$ cat final.txt   # compact mmCIF, C-alpha atoms and all ligand atoms
# COMPACT_ATOMS: atom_id res chain seq x y z
CA MET A 1 100.33 117.61 102.29
CA TYR A 2 98.63 117.84 105.70
CA VAL A 3 101.26 115.54 107.11
CA ARG A 4 104.07 117.81 105.89
CA TRP A 5 102.43 120.86 107.43
CA ASP A 6 101.94 119.23 110.82
CA ARG A 7 105.50 118.03 110.79
CA LYS A 8 106.75 121.50 109.97
CA GLN A 9 104.80 123.02 112.85
CA GLU A 10 106.03 120.32 115.18
CA LYS A 11 109.60 120.92 114.08
CA GLU A 12 109.27 124.69 114.53
CA ARG A 13 107.94 124.13 118.03
CA LYS A 14 110.88 121.88 118.87
CA MET A 15 113.28 124.36 117.31
CA THR A 16 112.00 127.16 119.53
CA GLN A 17 112.44 124.96 122.57
CA GLU A 18 115.93 123.98 121.52
CA SER A 19 117.07 127.26 120.02
CA THR A 20 119.61 127.84 122.76
CA GLN A 21 121.36 124.58 121.82
CA ALA A 22 121.03 124.71 118.03
CA SER A 23 124.65 123.80 117.45
CA SER A 24 124.59 120.75 119.71
CA SER A 25 121.37 119.54 118.04
CA ASP A 26 123.36 119.28 114.79
CA ARG A 27 125.67 116.86 116.58
CA VAL A 28 123.39 114.32 118.26
CA ARG A 29 119.60 114.16 118.61
CA ILE A 30 118.39 110.69 119.60
CA PRO A 31 114.87 109.18 119.45
CA ASP A 32 113.41 108.48 122.89
CA GLY A 33 111.11 105.68 121.75
CA LEU A 34 111.02 102.75 119.34
CA TYR A 35 109.29 102.61 115.93
CA GLU A 36 107.55 99.64 114.29
CA GLY A 37 109.52 99.80 111.05
CA TYR A 38 113.18 100.67 110.42
CA ILE A 39 114.32 101.49 106.89
CA PHE A 40 118.05 101.79 106.25
CA ASP A 41 120.32 102.99 103.50
CA LEU A 42 123.27 100.60 103.19
CA ASP A 43 126.55 102.27 102.18
CA GLY A 44 127.74 104.77 104.80
CA THR A 45 124.89 103.71 107.09
CA ILE A 46 125.15 99.96 107.74
CA TYR A 47 128.54 99.30 106.14
CA LEU A 48 131.44 101.22 104.69
CA GLY A 49 133.44 99.30 102.11
CA ASP A 50 133.91 95.81 103.48
CA GLU A 51 133.08 96.46 107.12
CA LEU A 52 129.92 96.84 109.15
CA LEU A 53 129.84 100.24 110.90
CA PRO A 54 130.08 100.33 114.72
CA GLY A 55 126.89 99.14 116.39
CA ALA A 56 125.19 98.03 113.14
CA LYS A 57 125.13 94.34 113.95
CA ARG A 58 123.77 94.58 117.49
CA LEU A 59 121.22 97.21 116.40
CA ILE A 60 119.77 95.00 113.64
CA LEU A 61 119.78 91.90 115.86
CA GLU A 62 118.05 93.85 118.68
CA LEU A 63 115.38 95.22 116.31
CA ARG A 64 114.72 91.72 114.98
CA GLU A 65 114.57 90.37 118.53
CA ARG A 66 111.87 92.93 119.30
CA GLY A 67 109.87 91.93 116.21
CA LYS A 68 110.43 95.20 114.33
CA LYS A 69 110.24 95.36 110.52
CA VAL A 70 113.71 96.01 109.10
CA VAL A 71 114.24 96.98 105.44
CA PHE A 72 117.48 97.81 103.63
CA LEU A 73 117.30 100.11 100.60
CA SER A 74 119.39 100.53 97.48
CA ASN A 75 118.93 102.48 94.24
CA ASN A 76 121.10 100.05 92.27
CA PRO A 77 119.02 98.08 89.72
CA THR A 78 121.92 95.92 88.49
CA LYS A 79 121.68 93.55 91.45
CA ASP A 80 119.09 91.04 92.59
CA PRO A 81 117.89 91.78 96.14
CA GLU A 82 119.47 88.40 97.03
CA MET A 83 122.92 89.79 96.14
CA TYR A 84 122.62 92.33 98.99
CA SER A 85 121.54 89.59 101.34
CA GLU A 86 124.67 87.63 100.39
CA ARG A 87 126.87 90.66 101.02
CA LEU A 88 125.31 91.34 104.43
CA THR A 89 125.68 87.67 105.27
CA ARG A 90 129.40 87.80 104.35
CA LEU A 91 129.79 90.83 106.64
CA GLY A 92 128.25 88.85 109.48
CA LEU A 93 124.62 89.93 109.34
CA PRO A 94 122.34 87.40 107.65
CA PRO A 95 119.11 89.13 106.54
CA PRO A 96 115.93 87.36 105.46
CA LYS A 97 115.36 87.91 101.72
CA GLU A 98 112.37 90.26 102.04
CA GLU A 99 114.42 92.80 103.98
CA THR A 100 116.28 94.17 100.97
CA VAL A 101 114.47 96.46 98.55
CA ASN A 102 116.19 98.00 95.54
CA THR A 103 114.84 99.64 92.39
CA VAL A 104 114.34 96.22 90.77
CA VAL A 105 111.66 95.64 93.42
CA THR A 106 110.17 99.15 93.37
CA MET A 107 109.95 99.27 89.55
CA THR A 108 108.24 95.87 89.42
CA GLN A 109 105.76 96.86 92.16
CA TRP A 110 105.10 100.26 90.61
CA LEU A 111 104.28 98.67 87.24
CA LEU A 112 102.02 96.03 88.80
CA HIS A 113 100.10 98.68 90.76
CA ASN A 114 99.90 101.43 88.16
CA HIS A 115 100.25 99.83 84.71
CA PRO A 116 99.45 96.12 85.09
CA HIS A 117 98.59 95.67 81.39
CA ALA A 118 101.37 97.78 79.87
CA THR A 119 103.99 96.44 77.49
CA VAL A 120 107.40 97.66 78.60
CA PHE A 121 110.84 97.96 77.04
CA PRO A 122 113.42 97.74 79.82
CA ILE A 123 116.82 99.20 78.96
CA ALA A 124 118.26 97.28 81.85
CA GLU A 125 120.47 94.45 83.03
CA GLU A 126 119.33 90.92 83.82
CA PRO A 127 118.10 91.42 87.44
CA LEU A 128 115.35 93.85 86.40
CA LYS A 129 114.40 91.87 83.28
CA ASN A 130 114.24 88.66 85.33
CA ALA A 131 112.06 90.30 87.98
CA LEU A 132 109.66 91.74 85.39
CA GLN A 133 109.38 88.37 83.70
CA ALA A 134 108.75 86.61 87.01
CA ALA A 135 106.00 89.15 87.80
CA GLY A 136 104.32 88.51 84.44
CA VAL A 137 105.02 91.99 83.00
CA LYS A 138 104.82 92.02 79.17
CA MET A 139 108.07 93.02 77.48
CA SER A 140 108.77 93.83 73.84
CA GLU A 141 111.44 95.28 71.56
CA LYS A 142 108.83 96.24 68.91
CA PRO A 143 108.41 100.02 69.10
CA GLU A 144 104.80 99.81 67.90
CA ASP A 145 103.87 97.66 70.94
CA ILE A 146 105.73 99.54 73.68
CA ASP A 147 103.76 101.62 76.25
CA ILE A 148 106.59 102.31 78.70
CA VAL A 149 110.33 102.67 78.12
CA ILE A 150 112.28 101.98 81.33
CA ALA A 151 115.67 103.71 81.37
CA SER A 152 117.95 102.03 83.85
CA TYR A 153 121.61 101.50 84.78
CA ASP A 154 122.51 99.30 81.80
CA ARG A 155 126.12 98.50 80.99
CA GLY A 156 124.89 96.85 77.78
CA PHE A 157 123.38 100.12 76.47
CA GLU A 158 123.82 100.55 72.69
CA TYR A 159 122.48 102.50 69.68
CA ARG A 160 119.98 99.73 68.85
CA LYS A 161 118.24 100.18 72.21
CA LEU A 162 118.22 103.97 71.82
CA GLN A 163 116.57 103.56 68.38
CA ILE A 164 113.83 101.33 69.82
CA ALA A 165 113.12 103.87 72.59
CA PHE A 166 113.17 106.73 70.06
CA ASP A 167 110.74 104.94 67.72
CA ALA A 168 108.36 104.00 70.54
CA ILE A 169 108.31 107.52 72.02
CA TRP A 170 108.88 109.89 69.10
CA PHE A 171 107.80 108.05 65.94
CA HIS A 172 104.85 106.00 67.25
CA LYS A 173 104.04 108.60 69.93
CA ARG A 174 102.77 105.95 72.32
CA ALA A 175 105.40 105.24 74.96
CA ILE A 176 106.22 107.21 78.10
CA LEU A 177 109.68 107.31 79.67
CA VAL A 178 110.33 106.25 83.28
CA THR A 179 113.50 105.42 85.22
CA THR A 180 114.63 103.14 88.02
CA ASN A 181 116.86 105.75 89.69
CA PRO A 182 118.03 109.32 89.09
CA ASP A 183 121.74 108.78 89.82
CA ARG A 184 124.20 110.33 87.38
CA TYR A 185 126.96 107.91 88.25
CA CYS A 186 127.63 105.03 90.60
CA PRO A 187 130.63 105.83 92.83
CA PHE A 188 133.36 103.24 93.35
CA PRO A 189 135.95 103.03 96.11
CA GLY A 190 139.07 105.02 95.15
CA GLY A 191 137.17 107.85 93.45
CA ARG A 192 136.20 106.25 90.11
CA GLY A 193 132.64 105.47 89.04
CA GLU A 194 130.33 104.28 86.26
CA PRO A 195 127.69 106.21 84.28
CA ASP A 196 124.33 105.36 85.87
CA ALA A 197 120.67 105.54 84.79
CA ALA A 198 120.62 109.35 84.37
CA ALA A 199 122.95 108.93 81.38
CA ILE A 200 120.42 106.67 79.62
CA VAL A 201 117.54 109.00 80.54
CA GLY A 202 119.59 111.92 79.17
CA ALA A 203 120.19 110.19 75.83
CA ILE A 204 116.49 109.40 75.36
CA GLU A 205 115.30 112.84 76.50
CA ALA A 206 117.79 114.53 74.18
CA CYS A 207 116.58 112.80 71.01
CA THR A 208 112.84 112.56 71.75
CA GLY A 209 112.26 115.82 73.63
CA MET A 210 110.20 113.82 76.14
CA LYS A 211 110.90 114.30 79.84
CA CYS A 212 111.20 111.30 82.09
CA GLN A 213 107.90 111.08 84.00
CA VAL A 214 108.53 108.74 86.92
CA ASN A 215 111.49 107.75 89.08
CA VAL A 216 111.03 104.84 91.49
CA GLY A 217 114.34 105.28 93.34
CA LYS A 218 115.59 107.64 96.04
CA PRO A 219 114.75 110.50 96.56
CA ASP A 220 111.28 109.91 95.14
CA PRO A 221 108.80 108.99 97.92
CA ILE A 222 107.41 106.27 95.59
CA MET A 223 110.22 104.13 96.98
CA LEU A 224 109.04 104.52 100.59
CA GLU A 225 105.38 104.18 99.59
CA THR A 226 106.19 100.84 97.93
CA ILE A 227 107.91 99.67 101.11
CA MET A 228 105.06 100.80 103.37
CA ASP A 229 102.68 98.80 101.17
CA MET A 230 104.94 95.75 101.43
CA VAL A 231 105.34 95.85 105.23
CA GLY A 232 101.85 97.16 106.01
CA LEU A 233 102.92 100.19 108.09
CA ASN A 234 102.14 103.93 107.89
CA ALA A 235 104.79 106.62 107.47
CA SER A 236 104.50 107.71 111.10
CA GLU A 237 105.19 104.14 112.32
CA CYS A 238 108.52 103.97 110.48
CA ILE A 239 111.87 105.74 110.55
CA MET A 240 114.21 106.20 107.58
CA THR A 241 117.94 106.31 108.41
CA GLY A 242 120.66 107.25 105.93
CA ASP A 243 123.86 109.23 105.48
CA ARG A 244 122.72 111.62 102.72
CA LEU A 245 120.43 114.61 103.23
CA TYR A 246 119.49 114.94 99.53
CA THR A 247 118.49 111.30 99.00
CA GLU A 248 117.28 109.34 102.03
CA ILE A 249 116.37 112.31 104.23
CA ARG A 250 114.72 114.25 101.37
CA MET A 251 112.65 111.18 100.49
CA ALA A 252 111.52 110.70 104.11
CA LEU A 253 110.58 114.39 104.47
CA ASP A 254 108.51 114.18 101.26
CA ALA A 255 106.82 110.96 102.40
CA GLY A 256 106.00 112.43 105.85
CA MET A 257 108.18 109.79 107.54
CA PRO A 258 110.41 110.50 110.57
CA SER A 259 114.09 110.33 109.66
CA ALA A 260 117.58 110.20 111.11
CA VAL A 261 120.87 111.13 109.50
CA VAL A 262 123.86 109.11 110.63
CA LEU A 263 127.21 110.89 110.54
CA THR A 264 129.25 107.83 109.53
CA GLY A 265 129.03 108.47 105.77
CA GLU A 266 128.73 111.53 103.59
CA THR A 267 127.06 114.11 105.86
CA THR A 268 129.17 115.91 108.46
CA THR A 269 128.07 118.08 111.41
CA GLU A 270 129.22 121.15 109.43
CA MET A 271 127.13 120.18 106.38
CA LEU A 272 124.12 119.67 108.62
CA ALA A 273 124.59 123.02 110.38
CA ALA A 274 124.74 124.77 106.99
CA GLU A 275 121.45 123.20 105.85
CA SER A 276 118.13 125.04 106.22
CA GLU A 277 115.79 123.70 108.93
CA GLU A 278 113.21 122.39 106.43
CA ASN A 279 115.82 120.01 104.97
CA LYS A 280 116.93 118.57 108.30
CA PRO A 281 115.80 115.25 109.78
CA GLU A 282 114.31 114.88 113.26
CA TYR A 283 117.31 112.93 114.51
CA VAL A 284 121.08 113.08 114.20
CA LEU A 285 123.12 110.01 115.15
CA ASP A 286 126.85 109.78 115.67
CA ARG A 287 126.52 106.00 115.36
CA ILE A 288 123.72 103.86 114.01
CA ASP A 289 122.85 102.04 117.25
CA ARG A 290 121.69 105.36 118.78
CA LEU A 291 118.36 104.43 117.16
CA ILE A 292 117.91 102.37 120.31
CA PRO A 293 116.81 104.87 122.98
CA ARG A 294 119.24 105.60 125.84
CA LYS A 295 116.97 103.93 128.41
CA ILE A 296 117.14 100.62 126.52
CA TRP A 297 120.93 100.96 126.06
CA ASP A 298 121.14 101.09 129.84
CA GLU A 299 118.80 98.09 130.29
CA LEU A 300 120.88 96.09 127.81
CA GLY A 301 124.12 97.21 129.42
CA TRP A 302 125.43 98.57 126.11
CA THR A 303 128.53 100.74 126.04
CA GLU A 304 130.14 102.47 123.07
CA VAL A 305 132.47 99.53 122.64
CA GLU A 306 130.30 97.06 120.78
CA GLY A 307 130.31 93.62 122.34
MG MG B 401 124.60 105.98 101.78
$ encode --input "final.txt" --output "structure tokens" --more "lines below"
Ligand SMILES: [Mg+2]
Amino acid sequence: MYVRWDRKQEKERKMTQESTQASSSDRVRIPDGLYEGYIFDLDGTIYLGDELLPGAKRLILELRERGKKVVFLSNNPTKDPEMYSERLTRLGLPPPKEETVNTVVTMTQWLLHNHPHATVFPIAEEPLKNALQAAGVKMSEKPEDIDIVIASYDRGFEYRKLQIAFDAIWFHKRAILVTTNPDRYCPFPGGRGEPDAAAIVGAIEACTGMKCQVNVGKPDPIMLETIMDMVGLNASECIMTGDRLYTEIRMALDAGMPSAVVLTGETTTEMLAAESEENKPEYVLDRIDRLIPRKIWDELGWTEVEG
């Protein structure tokens, strides 16, 4: 809480200084130093569809060169972290395995830290079940043994699973309900999508009357706290960069971590200008490689045409 307050005061001070150029500060506001840890959203931030966004490759390579911790984030629990590594590799950016963290990783870590002896019932696809098994988490489909029901993005969801969750929560009155991610649907290119974890949470909440108690995906700061634990850095040593104010930026603000919105995805300058100051990030980037301060751009001889 103290961290939030200090940040707010700091931001108000900066705002007063910059009040004459408020509209330009919604366009570009660039960090003037480097951080120790860089956490990135993927879609709309590092890549869009099947292409890396301008400057993404040289930025990541430069950060690695300088020994910075780089982590990519995703809410999607239907993929192994390795699957993201393969995708980035195909796009021309090979990442070491530990750099990708999705809700399979955060759910496993959260359980190990907070409920190491619990028996869980994951309504989930193979990647999460495999990770839980590998971590030694007890799993059961017997309602009388279940302590935690995990509602996840599960394209094999069926009435049988709903009945097990219902019996564990409502009949035996022993299980709590948690979720991997709060997304209502997963968007696809071309405007279609698939029902996501919120649909499973909704079904269980509707029949049991129990509210979901924990979410380990964006925008809950649990996700960033898990990552800080993994990389051994504090919030103030890291920067979160993403294209959505209500997920990545919200999460960073709540975790007391500096953040940057990049205008290559969902958020536009107009959307940012319409937002209240307390929901805005410190930095606004027209392209992702602006995370490298101007002085270093000049030293490296970078121009806006990526080499
Ligand atoms: Mg995004």
$ residues_near_ligand --input "final.txt" --ligand "ligand MG 401 (chain B)" --cutoff "8 Å" --atoms "only C-alpha atoms and all ligand atoms" --output "PyMOL selection string"
chain A and resi 41-45+242-244+265-266
$ closest_residue --input "final.txt" --among "A:Cys207, A:Ala151, A:Leu132, A:Ala197" --to "Asp167 in chain A" --atoms "all atoms listed in the file"
A:Cys207
$ atom_distance --input "final.txt" --atom1 "CA of Asp32 in chain A" --atom2 "CA of Tyr47 in chain A"
24.4 Å
$ closest_residue --input "final.txt" --among "A:Val137, A:Ala131, A:Ile150, A:Ile200" --to "Ile176 in chain A" --atoms "only C-alpha atoms"
A:Ile150
$ axis_aligned_box --input "final.txt" --around "range 56-62 of chain A" --padding-each-side "8 Å" --output "AutoDock Vina command-line options"
--center_x 121.6 --center_y 95.0 --center_z 115.9 --size_x 23.1 --size_y 22.1 --size_z 21.5
$ residues_around --input "final.txt" --residues "Tyr185 in chain A" --least-positions-apart "4" --cutoff "7 Å" --atoms "all atoms listed in the file" --output "PyMOL selection string"
chain A and resi 193-196
$ closest_residue --input "final.txt" --among "A:Glu99, A:Asp80, A:Glu86, A:Asp229" --to "Leu128 in chain A" --atoms "all atoms listed in the file"
A:Asp80
$ closest_residue --input "final.txt" --among "A:Phe40, A:Pro182, A:Val214, A:Leu73" --to "Asn114 in chain A" --atoms "only C-alpha atoms"
A:Val214
$ residues_near_point --input "final.txt" --point "(121.0, 97.7, 126.5)" --cutoff "12 Å" --atoms "only C-alpha atoms" --output "MDAnalysis selection string"
chainID A and resid 55 58:59 62:63 289:304 306:307
$ decode --input "final.txt" --residues "range 202-223 of chain A" --atoms "C-alpha atoms" --output "mmCIF file, in the first residue's frame"
data_model
loop_
_atom_site.group_PDB
_atom_site.id
_atom_site.type_symbol
_atom_site.label_atom_id
_atom_site.label_comp_id
_atom_site.auth_asym_id
_atom_site.auth_seq_id
_atom_site.Cartn_x
_atom_site.Cartn_y
_atom_site.Cartn_z
ATOM 1 C CA GLY A 202 -19.553 -18.871 -14.130
ATOM 2 C CA ALA A 203 -21.061 -22.357 -14.370
ATOM 3 C CA ILE A 204 -19.630 -23.411 -10.995
ATOM 4 C CA GLU A 205 -20.519 -20.133 -9.248
ATOM 5 C CA ALA A 206 -24.067 -20.331 -10.606
ATOM 6 C CA CYS A 207 -24.830 -23.774 -9.178
ATOM 7 C CA THR A 208 -22.857 -23.608 -5.913
ATOM 8 C CA GLY A 209 -23.331 -19.956 -4.960
ATOM 9 C CA MET A 210 -19.605 -19.857 -4.131
ATOM 10 C CA LYS A 211 -17.534 -17.003 -5.529
ATOM 11 C CA CYS A 212 -14.196 -17.721 -7.116
ATOM 12 C CA GLN A 213 -11.563 -16.753 -4.529
ATOM 13 C CA VAL A 214 -8.275 -16.521 -6.405
ATOM 14 C CA ASN A 215 -7.166 -15.696 -9.944
ATOM 15 C CA VAL A 216 -3.505 -16.272 -10.825
ATOM 16 C CA GLY A 217 -3.617 -14.580 -14.248
ATOM 17 C CA LYS A 218 -3.591 -10.972 -15.438
ATOM 18 C CA PRO A 219 -4.697 -8.529 -14.026
ATOM 19 C CA ASP A 220 -4.130 -10.058 -10.593
ATOM 20 C CA PRO A 221 -0.733 -8.989 -9.160
ATOM 21 C CA ILE A 222 -0.228 -12.617 -8.021
ATOM 22 C CA MET A 223 1.101 -13.177 -11.531
#
